[in-house]
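Next up, final_19.txt (compact mmCIF, C-alpha atoms):
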```txt
# COMPACT_ATOMS: atom_id res chain seq x y z
CA MET K 1 117.47 130.02 76.59
CA LYS K 2 116.95 126.52 77.98
CA SER K 3 114.11 124.57 76.41
CA MET K 4 110.92 124.57 78.45
CA ARG K 5 109.50 121.52 76.68
CA SER K 6 110.21 118.02 77.93
CA GLU K 7 111.14 115.17 75.61
CA ARG K 8 108.17 113.23 77.04
CA LEU K 9 105.77 115.60 75.29
CA ASP K 10 107.27 114.70 71.94
CA ARG K 11 106.60 111.02 72.69
CA MET K 12 103.04 111.51 73.85
CA GLY K 13 100.95 111.86 70.74
CA SER K 14 100.76 112.09 67.00
CA ALA K 15 101.50 115.51 65.54
CA ILE K 16 98.71 114.91 63.05
CA PHE K 17 96.09 116.12 65.53
CA ALA K 18 97.80 119.52 65.78
CA GLU K 19 98.11 119.55 61.99
CA ILE K 20 94.39 118.80 61.59
CA ASP K 21 93.57 121.66 63.98
CA CYS K 22 95.60 124.04 61.80
CA LEU K 23 93.87 122.81 58.65
CA LYS K 24 90.48 123.27 60.32
CA ALA K 25 91.34 126.85 61.25
CA GLU K 26 92.45 127.54 57.67
CA ALA K 27 89.20 126.10 56.31
CA VAL K 28 87.08 128.22 58.65
CA ALA K 29 89.12 131.32 57.77
CA ALA K 30 88.47 130.58 54.09
CA GLY K 31 84.74 130.57 54.77
CA LYS K 32 84.11 126.84 54.53
CA ASP K 33 81.14 125.29 56.32
CA LEU K 34 83.04 122.81 58.50
CA ILE K 35 81.51 119.43 59.38
CA ASP K 36 83.78 118.03 62.07
CA LEU K 37 83.80 114.23 62.12
CA GLY K 38 87.25 114.13 63.68
CA ILE K 39 87.13 114.06 67.46
CA GLY K 40 84.84 111.57 69.23
CA SER K 41 83.07 114.12 71.41
CA PRO K 42 79.34 113.33 71.91
CA ASP K 43 77.06 115.98 70.44
CA LEU K 44 74.10 114.94 72.62
CA PRO K 45 73.32 115.91 76.25
CA PRO K 46 72.81 113.53 79.17
CA SER K 47 69.27 112.41 79.98
CA PRO K 48 66.94 114.91 81.73
CA ALA K 49 67.17 112.84 84.93
CA VAL K 50 70.97 113.09 84.97
CA ILE K 51 70.89 116.84 84.28
CA GLN K 52 68.35 117.34 87.08
CA ALA K 53 70.46 115.26 89.46
CA LEU K 54 73.46 117.42 88.65
CA ARG K 55 71.42 120.59 89.21
CA ASP K 56 70.24 119.34 92.59
CA ALA K 57 73.70 118.18 93.64
CA VAL K 58 75.34 121.47 92.64
CA ALA K 59 72.89 123.26 94.95
CA ASP K 60 73.93 121.08 97.92
CA PRO K 61 76.48 123.01 100.05
CA SER K 62 77.93 119.78 101.42
CA HIS K 63 79.32 118.88 97.99
CA TYR K 64 81.93 121.65 97.99
CA SER K 65 84.50 120.09 100.28
CA TYR K 66 87.37 118.07 98.80
CA PRO K 67 86.14 114.75 97.41
CA THR K 68 88.35 111.72 97.98
CA SER K 69 90.63 110.76 95.11
CA ILE K 70 89.42 107.15 95.24
CA GLY K 71 85.82 108.30 94.79
CA SER K 72 82.77 108.31 97.04
CA LEU K 73 81.71 104.93 98.36
CA PRO K 74 78.11 105.44 97.13
CA PHE K 75 79.36 105.94 93.56
CA ARG K 76 81.70 102.94 93.74
CA ARG K 77 78.92 100.79 95.18
CA LYS K 78 76.62 101.84 92.36
CA ALA K 79 79.36 101.05 89.85
CA ALA K 80 79.74 97.58 91.39
CA GLU K 81 75.97 97.08 91.27
CA TRP K 82 75.92 98.12 87.61
CA LEU K 83 78.81 95.77 86.72
CA ALA K 84 76.94 92.88 88.31
CA TRP K 85 73.69 93.79 86.53
CA ARG K 86 75.24 94.49 83.14
CA PHE K 87 77.95 91.82 82.93
CA GLY K 88 77.47 89.43 85.83
CA ALA K 89 80.85 90.60 87.18
CA LEU K 90 81.09 90.69 90.98
CA LEU K 91 83.40 93.39 92.36
CA ASP K 92 84.19 94.65 95.86
CA ALA K 93 83.34 98.35 95.75
CA GLU K 94 85.81 99.20 98.50
CA GLN K 95 88.89 97.38 97.21
CA GLU K 96 88.34 96.65 93.53
CA ILE K 97 87.02 99.95 92.12
CA VAL K 98 88.58 103.41 91.92
CA THR K 99 86.75 106.44 90.52
CA LEU K 100 88.43 108.39 87.71
CA MET K 101 88.16 111.77 86.04
CA GLY K 102 87.08 109.95 82.91
CA SER K 103 88.89 106.82 81.74
CA GLN K 104 91.62 108.97 80.15
CA ASP K 105 92.73 109.93 83.66
CA GLY K 106 93.41 106.30 84.48
CA LEU K 107 94.90 105.45 81.08
CA ALA K 108 97.34 108.34 81.42
CA HIS K 109 98.42 107.41 84.95
CA LEU K 110 98.22 103.62 85.21
CA ALA K 111 101.78 102.95 84.02
CA LEU K 112 103.08 105.57 86.47
CA ALA K 113 101.37 103.66 89.26
CA ILE K 114 102.43 100.09 88.44
CA CYS K 115 105.63 100.33 86.35
CA ASN K 116 109.20 101.53 86.76
CA PRO K 117 111.16 103.49 84.14
CA GLY K 118 112.55 101.06 81.60
CA ASP K 119 109.71 98.56 81.98
CA LYS K 120 107.79 97.46 78.88
CA ALA K 121 104.12 97.05 78.03
CA ILE K 122 102.27 95.51 75.09
CA LEU K 123 100.00 97.89 73.18
CA PRO K 124 97.69 97.49 70.16
CA ASN K 125 98.63 98.96 66.79
CA PRO K 126 96.46 100.82 65.81
CA GLY K 127 95.49 102.13 69.24
CA TYR K 128 94.10 105.17 71.03
CA PRO K 129 96.98 107.70 71.42
CA ILE K 130 96.85 107.96 75.23
CA TYR K 131 97.89 104.30 75.44
CA SER K 132 101.39 105.16 74.29
CA GLY K 133 101.17 108.61 75.85
CA GLY K 134 100.69 107.11 79.32
CA LEU K 135 103.78 104.97 78.79
CA ALA K 136 105.79 108.01 77.71
CA LEU K 137 104.89 109.80 80.93
CA ALA K 138 106.11 106.84 82.96
CA GLY K 139 109.25 106.13 80.94
CA VAL K 140 107.87 102.73 79.89
CA ASP K 141 108.71 101.31 76.47
CA PRO K 142 105.87 100.12 74.20
CA ILE K 143 105.85 96.78 72.41
CA PHE K 144 103.30 97.01 69.61
CA VAL K 145 101.15 94.07 68.51
CA PRO K 146 99.53 94.47 65.07
CA LEU K 147 95.75 94.33 64.75
CA ARG K 148 94.79 93.48 61.19
CA ARG K 149 91.60 93.15 59.22
CA GLU K 150 92.31 89.54 58.15
CA HIS K 151 92.22 88.55 61.84
CA GLN K 152 89.12 90.65 62.67
CA TYR K 153 91.51 93.10 64.42
CA LEU K 154 92.21 90.61 67.22
CA PRO K 155 95.78 90.02 68.44
CA GLN K 156 97.20 86.63 67.49
CA LEU K 157 98.21 85.64 71.00
CA ASP K 158 100.08 82.50 69.95
CA GLU K 159 102.25 84.56 67.59
CA ILE K 160 103.58 86.92 70.27
CA PRO K 161 107.16 85.85 71.09
CA VAL K 162 107.52 84.37 74.57
CA GLU K 163 110.46 86.68 75.26
CA THR K 164 108.26 89.68 74.45
CA ILE K 165 105.64 88.48 76.91
CA ARG K 166 108.25 87.93 79.63
CA GLU K 167 109.53 91.47 79.21
CA ALA K 168 106.09 93.08 79.46
CA LYS K 169 104.49 94.34 82.67
CA PHE K 170 101.01 94.42 81.14
CA MET K 171 99.07 94.10 77.90
CA LEU K 172 96.44 96.70 76.98
CA LEU K 173 93.52 96.02 74.62
CA ASN K 174 90.27 97.78 73.72
CA TYR K 175 87.04 96.06 72.57
CA PRO K 176 84.83 97.64 71.29
CA GLY K 177 87.76 99.55 69.88
CA ASN K 178 88.82 103.08 69.14
CA PRO K 179 89.78 103.72 66.38
CA LEU K 180 88.94 100.30 64.94
CA ALA K 181 85.25 100.13 65.91
CA THR K 182 85.68 96.37 66.20
CA THR K 183 84.45 93.91 68.83
CA ALA K 184 85.44 90.76 70.71
CA ASP K 185 83.27 88.04 72.23
CA LEU K 186 83.43 86.34 75.62
CA ASN K 187 85.37 83.40 74.16
CA PHE K 188 88.20 85.75 73.25
CA PHE K 189 88.26 87.22 76.77
CA THR K 190 88.31 83.72 78.24
CA GLU K 191 91.39 82.98 76.13
CA LEU K 192 92.89 86.31 77.19
CA VAL K 193 92.42 85.58 80.90
CA ASP K 194 94.08 82.18 80.45
CA PHE K 195 96.89 83.87 78.51
CA GLY K 196 97.45 86.38 81.31
CA ARG K 197 97.39 83.69 83.98
CA ARG K 198 99.85 81.41 82.15
CA HIS K 199 102.33 84.20 81.54
CA ASN K 200 101.85 86.12 84.81
CA LEU K 201 100.86 89.10 82.69
CA LEU K 202 98.40 91.80 83.76
CA ILE K 203 95.64 92.38 81.20
CA VAL K 204 94.33 95.94 80.97
CA HIS K 205 91.06 96.28 79.08
CA ASP K 206 89.54 99.58 77.98
CA LEU K 207 85.75 99.13 77.79
CA ALA K 208 84.77 102.76 77.31
CA TYR K 209 82.27 101.84 74.56
CA SER K 210 80.46 99.01 76.32
CA GLU K 211 77.03 100.64 75.91
CA MET K 212 77.46 101.77 72.32
CA ALA K 213 76.91 98.62 70.25
CA PHE K 214 74.60 97.71 67.38
CA ASP K 215 72.76 94.87 65.67
CA ASN K 216 71.74 93.36 69.04
CA PHE K 217 75.38 92.84 70.06
CA ARG K 218 76.12 93.31 73.77
CA PRO K 219 79.84 93.78 74.46
CA PRO K 220 81.08 91.51 77.28
CA SER K 221 83.48 92.32 80.11
CA ILE K 222 86.74 90.51 80.82
CA LEU K 223 85.75 90.73 84.50
CA ALA K 224 82.84 88.37 83.80
CA VAL K 225 85.29 85.57 82.96
CA PRO K 226 85.93 83.31 86.00
CA GLY K 227 89.20 84.47 87.52
CA GLY K 228 89.18 87.60 85.38
CA LYS K 229 89.54 90.07 88.20
CA GLU K 230 92.62 88.24 89.47
CA VAL K 231 94.56 88.91 86.24
CA ALA K 232 92.83 91.95 84.74
CA VAL K 233 91.60 95.48 85.30
CA GLU K 234 89.02 97.21 83.13
CA PHE K 235 88.31 100.86 82.39
CA HIS K 236 84.72 102.10 82.22
CA SER K 237 83.56 105.55 81.23
CA LEU K 238 80.30 107.45 81.51
CA SER K 239 81.43 109.88 78.80
CA LYS K 240 80.17 108.08 75.71
CA SER K 241 77.57 105.71 77.21
CA PHE K 242 75.65 108.46 78.99
CA ASN K 243 76.76 111.62 77.11
CA MET K 244 78.65 112.87 80.16
CA ALA K 245 81.98 113.60 78.46
CA GLY K 246 82.33 117.08 79.96
CA CYS K 247 81.59 115.82 83.45
CA ARG K 248 84.79 113.72 83.50
CA ILE K 249 83.78 110.58 85.35
CA GLY K 250 84.61 106.91 84.94
CA PHE K 251 86.18 104.11 86.95
CA LEU K 252 88.71 101.29 86.92
CA ALA K 253 87.67 97.89 88.27
CA GLY K 254 89.41 94.57 88.86
CA ARG K 255 92.63 93.28 90.38
CA LYS K 256 92.88 94.88 93.80
CA ASP K 257 96.64 95.51 93.99
CA VAL K 258 96.44 97.46 90.71
CA ILE K 259 93.44 99.41 91.98
CA SER K 260 95.32 100.17 95.19
CA ALA K 261 98.40 101.37 93.30
CA LEU K 262 96.43 103.73 91.06
CA ALA K 263 94.46 105.04 94.04
CA ALA K 264 97.72 105.71 95.89
CA LEU K 265 99.12 107.65 92.93
CA LYS K 266 95.93 109.67 92.54
CA SER K 267 95.96 110.56 96.24
CA ASN K 268 99.15 112.47 95.50
CA ILE K 269 98.04 114.28 92.35
CA ASP K 270 94.32 115.04 92.59
CA TYR K 271 91.43 115.34 95.02
CA GLY K 272 88.94 113.35 93.01
CA VAL K 273 85.77 113.97 91.00
CA PHE K 274 83.41 116.75 92.10
CA LYS K 275 80.82 115.17 94.41
CA ALA K 276 77.94 116.60 92.39
CA VAL K 277 79.24 114.84 89.27
CA GLN K 278 79.51 111.55 91.17
CA GLN K 279 75.90 111.95 92.27
CA ALA K 280 74.86 112.51 88.66
CA GLY K 281 76.85 109.40 87.73
CA ILE K 282 74.90 107.36 90.27
CA VAL K 283 71.65 108.50 88.65
CA ALA K 284 72.96 107.63 85.16
CA LEU K 285 73.80 104.08 86.24
CA GLU K 286 70.49 103.68 88.09
CA GLU K 287 68.56 104.92 85.06
CA ASP K 288 70.39 102.49 82.80
CA MET K 289 69.47 99.56 85.06
CA LEU K 290 65.84 100.66 85.11
CA THR K 291 65.37 101.28 81.38
CA LYS K 292 67.40 98.19 80.34
CA GLN K 293 68.13 99.69 76.92
CA SER K 294 70.64 102.17 75.57
CA MET K 295 69.12 105.10 73.72
CA VAL K 296 72.66 106.12 72.78
CA SER K 297 73.18 102.86 70.88
CA SER K 298 70.00 103.23 68.82
CA ILE K 299 70.91 106.80 67.85
CA TYR K 300 74.41 105.91 66.69
CA GLU K 301 73.22 102.75 64.94
CA GLN K 302 70.81 104.87 62.90
CA ARG K 303 73.57 107.37 62.15
CA ARG K 304 75.87 104.56 61.03
CA ASN K 305 73.21 103.15 58.73
CA ILE K 306 72.38 106.50 57.12
CA PHE K 307 75.97 107.67 56.69
CA LEU K 308 77.43 104.45 55.29
CA SER K 309 74.43 103.83 53.02
CA LYS K 310 74.79 107.32 51.56
CA LEU K 311 78.54 106.83 50.92
CA ALA K 312 77.76 103.47 49.29
CA GLU K 313 75.60 105.31 46.75
CA TYR K 314 78.80 106.98 45.56
CA GLY K 315 80.73 103.70 45.48
CA TRP K 316 82.62 103.95 48.78
CA GLN K 317 81.79 100.60 50.39
CA ILE K 318 82.69 100.65 54.09
CA PRO K 319 82.09 97.73 56.49
CA PHE K 320 79.29 98.37 58.99
CA SER K 321 80.89 98.54 62.43
CA LYS K 322 79.13 96.72 65.28
CA ALA K 323 79.99 99.25 67.97
CA THR K 324 81.32 102.70 69.00
CA MET K 325 80.69 106.13 67.50
CA PHE K 326 83.39 105.57 64.90
CA VAL K 327 83.71 104.26 61.36
CA TRP K 328 87.04 102.69 60.37
CA ALA K 329 87.04 103.23 56.64
CA PRO K 330 89.41 101.61 54.12
CA ILE K 331 90.47 104.23 51.58
CA PRO K 332 91.09 104.02 47.83
CA HIS K 333 94.58 102.66 47.04
CA CYS K 334 95.60 105.79 45.16
CA TYR K 335 95.78 107.77 48.41
CA THR K 336 97.70 107.64 51.67
CA SER K 337 95.72 108.17 54.87
CA ARG K 338 97.14 111.64 55.41
CA GLN K 339 96.74 112.69 51.81
CA ILE K 340 93.06 111.79 51.59
CA SER K 341 92.30 113.33 54.99
CA ARG K 342 93.91 116.63 54.00
CA GLU K 343 92.24 116.72 50.61
CA ILE K 344 88.78 115.88 51.97
CA LEU K 345 89.10 118.67 54.54
CA HIS K 346 90.50 121.18 52.05
CA ASP K 347 88.05 120.43 49.26
CA THR K 348 84.83 119.55 51.15
CA GLY K 349 85.17 121.00 54.66
CA VAL K 350 84.61 117.56 56.24
CA VAL K 351 87.08 116.59 58.97
CA VAL K 352 88.24 112.97 59.24
CA ILE K 353 91.35 111.57 60.97
CA PRO K 354 94.04 109.66 59.05
CA GLY K 355 94.45 106.12 60.29
CA ASP K 356 98.21 106.37 60.73
CA ALA K 357 97.61 108.86 63.56
CA PHE K 358 96.82 105.75 65.61
CA GLY K 359 99.84 103.70 64.57
CA SER K 360 101.58 102.31 61.50
CA GLU K 361 98.90 99.63 61.02
CA GLY K 362 96.37 102.41 60.50
CA GLU K 363 97.81 103.35 57.12
CA GLY K 364 95.20 102.77 54.43
CA PHE K 365 92.28 103.85 56.62
CA VAL K 366 90.58 106.95 58.04
CA ARG K 367 88.57 107.23 61.23
CA ILE K 368 85.24 109.01 60.98
CA ALA K 369 83.30 110.03 64.10
CA LEU K 370 79.48 109.99 63.84
CA VAL K 371 79.13 113.02 66.10
CA GLN K 372 76.76 115.15 64.04
CA PRO K 373 72.97 115.06 63.56
CA GLU K 374 71.66 112.91 60.73
CA ASP K 375 71.13 115.80 58.31
CA ARG K 376 74.75 116.92 58.72
CA LEU K 377 76.00 113.34 58.27
CA ILE K 378 74.03 113.08 55.03
CA GLU K 379 75.51 116.41 53.93
CA ALA K 380 79.01 115.20 54.83
CA ALA K 381 78.53 111.95 52.93
CA ASP K 382 77.21 113.83 49.88
CA ARG K 383 80.18 116.19 49.90
CA ILE K 384 82.71 113.35 50.22
CA GLY K 385 80.88 111.21 47.65
CA LYS K 386 80.76 113.99 45.05
CA TRP K 387 84.44 114.70 45.69
CA LEU K 388 85.36 111.04 45.21
CA THR K 389 83.46 110.77 41.94
CA LYS K 390 84.38 114.12 40.43
```
As structure tokens:
Amino acid sequence: MKSMRSERLDRMGSAIFAEIDCLKAEAVAAGKDLIDLGIGSPDLPPSPAVIQALRDAVADPSHYSYPTSIGSLPFRRKAAEWLAWRFGALLDAEQEIVTLMGSQDGLAHLALAICNPGDKAILPNPGYPIYSGGLALAGVDPIFVPLRREHQYLPQLDEIPVETIREAKFMLLNYPGNPLATTADLNFFTELVDFGRRHNLLIVHDLAYSEMAFDNFRPPSILAVPGGKEVAVEFHSLSKSFNMAGCRIGFLAGRKDVISALAALKSNIDYGVFKAVQQAGIVALEEDMLTKQSMVSSIYEQRRNIFLSKLAEYGWQIPFSKATMFVWAPIPHCYTSRQISREILHDTGVVVIPGDAFGSEGEGFVRIALVQPEDRLIEAADRIGKWLTK
């Protein structure tokens, strides 16, 4: 029979995630108490105010018609208000913001909206898998730029060949990063905007973790740089910042022709985010502006401190990340990333993701998601530590 699987699917993601799922199932079948620190899915609920807003909105009969794919104007206006409050970035809600079913929706479809088959785009290595997956869907070829520890995981812009830049339709970066859990300051984004302007290159920035930072660091937005919205677009998500992952809501903001193109594509493939979810999103952004502090950040900062301090007791010294729900952990030289991930899962029941699942530059690391309560993180660290020192 003819194959019912497209070649695009084989280009979309690392097979290691399917392999990890199989290993997890085997561990559960063997009776292991699994502690899953693999996928970055928040284990906490939204705030009571957001839950109540969702309850009230679900009970409103007017919310059951088709929403618009671009998103309700009240939600986009609130997003623009929040961007101005949080970053000092001024956006036109009607022309420079499009609502998304989570940022992954936009990351998966952006290349389809702005590129032609055979075009090229610059991606980070390591990088979140949907970055290359979105290119595979669109028939766009990736050009990978290495992000390395000796350069604080920042791309060395002056080392990218001019010919490579000329060939690329856009460059995608992510700070605070997944999987790297690293950060960039406003000076870097100022350089990046100048870089994009000089080379007529669109900059795409994924800022899904803007509200999950530690040690008094406040991640900046590329849209806050003068002229930023003329050369860049930026993804924002309510999934991690406000524990609304299952609600599927986020937005893309910035350069208006890019926003228009993605909105046009979405008008052909979806009818938008459920109106009740958009109403809950408005409340989440309002609440954030009123409280002026992220409870999510303080929780994950405490988890980071407890988990890494416990591992250090067993001799595994891991740098303290300044942001995100992830730990990017250098592994002992006697292991490969996949080997140590498999053995930790098999022997301890703790799930971590090998770094090479995110690109070749991820070899030598594992990504650990701090998505369990503190007592379970301590248990996970004890299990791994005893295994390392056995």
Using Å and a single decimal, report how far CA of Asn216 (chain K) sits from CA of Tyr314 (chain K). 28.0 Å
Please provide as a PyMOL selection string all residues within 8 Å of region 193-202 of chain K, with the sequence filter that same-chain residues fewer than 5 positions apart are discarded (counting all atoms listed in the file). chain K and resi 157+165-166+168-171+222+225+227-228+231-233
Between K:Leu223, K:Ala284, K:Val145, K:Ile20, which has the minimum distance to Met244 (chain K) (counting all atoms listed in the file)? K:Ala284
Would you list the contacts of Ile368 (chain K) as a PDB file with C-alpha atoms, keeping the file's coordinate frame, taking every protein, DNA or RNA residue within 10 Å and counting only C-alpha atoms, but skipping same-chain residues closer than 2 positions in sequence?
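This went into selection-v5.pdb:
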```pdb
ATOM      1  CA  ASP K  36      83.780 118.030  62.070  1.00  0.00           C
ATOM      2  CA  LEU K  37      83.800 114.230  62.120  1.00  0.00           C
ATOM      3  CA  GLY K  38      87.250 114.130  63.680  1.00  0.00           C
ATOM      4  CA  ILE K  39      87.130 114.060  67.460  1.00  0.00           C
ATOM      5  CA  GLY K  40      84.840 111.570  69.230  1.00  0.00           C
ATOM      6  CA  PRO K 179      89.780 103.720  66.380  1.00  0.00           C
ATOM      7  CA  MET K 325      80.690 106.130  67.500  1.00  0.00           C
ATOM      8  CA  PHE K 326      83.390 105.570  64.900  1.00  0.00           C
ATOM      9  CA  VAL K 327      83.710 104.260  61.360  1.00  0.00           C
ATOM     10  CA  TRP K 328      87.040 102.690  60.370  1.00  0.00           C
ATOM     11  CA  ALA K 329      87.040 103.230  56.640  1.00  0.00           C
ATOM     12  CA  VAL K 350      84.610 117.560  56.240  1.00  0.00           C
ATOM     13  CA  VAL K 351      87.080 116.590  58.970  1.00  0.00           C
ATOM     14  CA  VAL K 352      88.240 112.970  59.240  1.00  0.00           C
ATOM     15  CA  ILE K 353      91.350 111.570  60.970  1.00  0.00           C
ATOM     16  CA  PRO K 354      94.040 109.660  59.050  1.00  0.00           C
ATOM     17  CA  GLY K 355      94.450 106.120  60.290  1.00  0.00           C
ATOM     18  CA  PHE K 365      92.280 103.850  56.620  1.00  0.00           C
ATOM     19  CA  VAL K 366      90.580 106.950  58.040  1.00  0.00           C
ATOM     20  CA  LEU K 370      79.480 109.990  63.840  1.00  0.00           C
ATOM     21  CA  VAL K 371      79.130 113.020  66.100  1.00  0.00           C
TER      22      VAL K 371
END
```
Compile the contact shell of Ala181 (chain K) as a ChimeraX atom specification: residues with an atom at most 6 Å away, counting only C-alpha atoms, same-chain residues fewer than 5 positions apart removed. /K:176,321,323-324,326
Option closest in space to Lys310 (chain K), from K:Gly281, K:Gly385, K:Pro155, K:Pro117 [counting all atoms listed in the file]: K:Gly385
Which residue, K:Ala49, K:Met212, K:Ala15, K:Leu110, has the smallest gap to Ala280 (chain K) when you use all atoms listed in the file?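 Checking each of K:Ala49, K:Met212, K:Ala15, K:Leu110 against Ala280 (chain K), counting all atoms listed in the file, the winner is K:Ala49.
Closest approach to Arg86 (chain K) from the set K:Ser294, K:Ser47, K:Ser72, K:Gln156 is made by K:Ser294, with distances taken over only C-alpha atoms.
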Quick one: of K:Gln52, K:Ser6, K:Thr182, K:Ser41, who's nearest to Gly246 (chain K), counting all atoms listed in the file?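 Among the listed residues, K:Ser41 lies closest to Gly246 (chain K).
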Using only C-alpha atoms for the distances, tell me which of K:Lys78, K:Pro48, K:Ala113, K:Glu343 is nearest to Ser267 (chain K).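 Looking only at the distances to Ser267 (chain K), the closest residue turns out to be K:Ala113.
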Students should find that CA of Phe358 (chain K) and CA of Leu180 (chain K) are spaced 9.6 Å
Residues within 9 Å of region 122-139 of chain K, only C-alpha atoms, excluding chain neighbours under 6 positions, as an mmCIF file with C-alpha atoms, in the frame of the given file:
```cif
data_model
loop_
_atom_site.group_PDB
_atom_site.id
_atom_site.type_symbol
_atom_site.label_atom_id
_atom_site.label_comp_id
_atom_site.auth_asym_id
_atom_site.auth_seq_id
_atom_site.Cartn_x
_atom_site.Cartn_y
_atom_site.Cartn_z
ATOM 1 C CA ARG K 8 108.170 113.230 77.040
ATOM 2 C CA LEU K 9 105.770 115.600 75.290
ATOM 3 C CA ASP K 10 107.270 114.700 71.940
ATOM 4 C CA ARG K 11 106.600 111.020 72.690
ATOM 5 C CA MET K 12 103.040 111.510 73.850
ATOM 6 C CA GLY K 13 100.950 111.860 70.740
ATOM 7 C CA SER K 14 100.760 112.090 67.000
ATOM 8 C CA GLN K 104 91.620 108.970 80.150
ATOM 9 C CA GLY K 106 93.410 106.300 84.480
ATOM 10 C CA LEU K 107 94.900 105.450 81.080
ATOM 11 C CA ALA K 108 97.340 108.340 81.420
ATOM 12 C CA HIS K 109 98.420 107.410 84.950
ATOM 13 C CA LEU K 110 98.220 103.620 85.210
ATOM 14 C CA ALA K 111 101.780 102.950 84.020
ATOM 15 C CA LEU K 112 103.080 105.570 86.470
ATOM 16 C CA ALA K 113 101.370 103.660 89.260
ATOM 17 C CA CYS K 115 105.630 100.330 86.350
ATOM 18 C CA ASN K 116 109.200 101.530 86.760
ATOM 19 C CA VAL K 145 101.150 94.070 68.510
ATOM 20 C CA PRO K 146 99.530 94.470 65.070
ATOM 21 C CA LEU K 147 95.750 94.330 64.750
ATOM 22 C CA ARG K 148 94.790 93.480 61.190
ATOM 23 C CA PRO K 155 95.780 90.020 68.440
ATOM 24 C CA THR K 164 108.260 89.680 74.450
ATOM 25 C CA ILE K 165 105.640 88.480 76.910
ATOM 26 C CA ALA K 168 106.090 93.080 79.460
ATOM 27 C CA LYS K 169 104.490 94.340 82.670
ATOM 28 C CA PHE K 170 101.010 94.420 81.140
ATOM 29 C CA MET K 171 99.070 94.100 77.900
ATOM 30 C CA LEU K 172 96.440 96.700 76.980
ATOM 31 C CA LEU K 173 93.520 96.020 74.620
ATOM 32 C CA ASN K 174 90.270 97.780 73.720
ATOM 33 C CA GLY K 177 87.760 99.550 69.880
ATOM 34 C CA ASN K 178 88.820 103.080 69.140
ATOM 35 C CA PRO K 179 89.780 103.720 66.380
ATOM 36 C CA LEU K 180 88.940 100.300 64.940
ATOM 37 C CA GLY K 355 94.450 106.120 60.290
ATOM 38 C CA ASP K 356 98.210 106.370 60.730
ATOM 39 C CA ALA K 357 97.610 108.860 63.560
ATOM 40 C CA PHE K 358 96.820 105.750 65.610
ATOM 41 C CA GLY K 359 99.840 103.700 64.570
ATOM 42 C CA SER K 360 101.580 102.310 61.500
ATOM 43 C CA GLU K 361 98.900 99.630 61.020
ATOM 44 C CA GLY K 362 96.370 102.410 60.500
#
```
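We find CA of Leu100 (chain K) and CA of Leu186 (chain K) to be spaced 25.6 Å apart.
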Which residues come within 7 Å of region 89-93 of chain K, counting only C-alpha atoms, excluding same-chain residues fewer than 4 positions away, as an NGL selection string? :K and (76-77 or 80 or 83-84 or 97 or 223-224)
Restricting the output to C-alpha atoms, write the selected residues as a PDB file, keeping the file's coordinate frame.
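Okay, this is what ended up in again_2.pdb:
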```
ATOM      1  CA  ARG K  76      81.700 102.940  93.740  1.00  0.00           C
ATOM      2  CA  ARG K  77      78.920 100.790  95.180  1.00  0.00           C
ATOM      3  CA  ALA K  80      79.740  97.580  91.390  1.00  0.00           C
ATOM      4  CA  LEU K  83      78.810  95.770  86.720  1.00  0.00           C
ATOM      5  CA  ALA K  84      76.940  92.880  88.310  1.00  0.00           C
ATOM      6  CA  ILE K  97      87.020  99.950  92.120  1.00  0.00           C
ATOM      7  CA  LEU K 223      85.750  90.730  84.500  1.00  0.00           C
ATOM      8  CA  ALA K 224      82.840  88.370  83.800  1.00  0.00           C
TER       9      ALA K 224
END
```
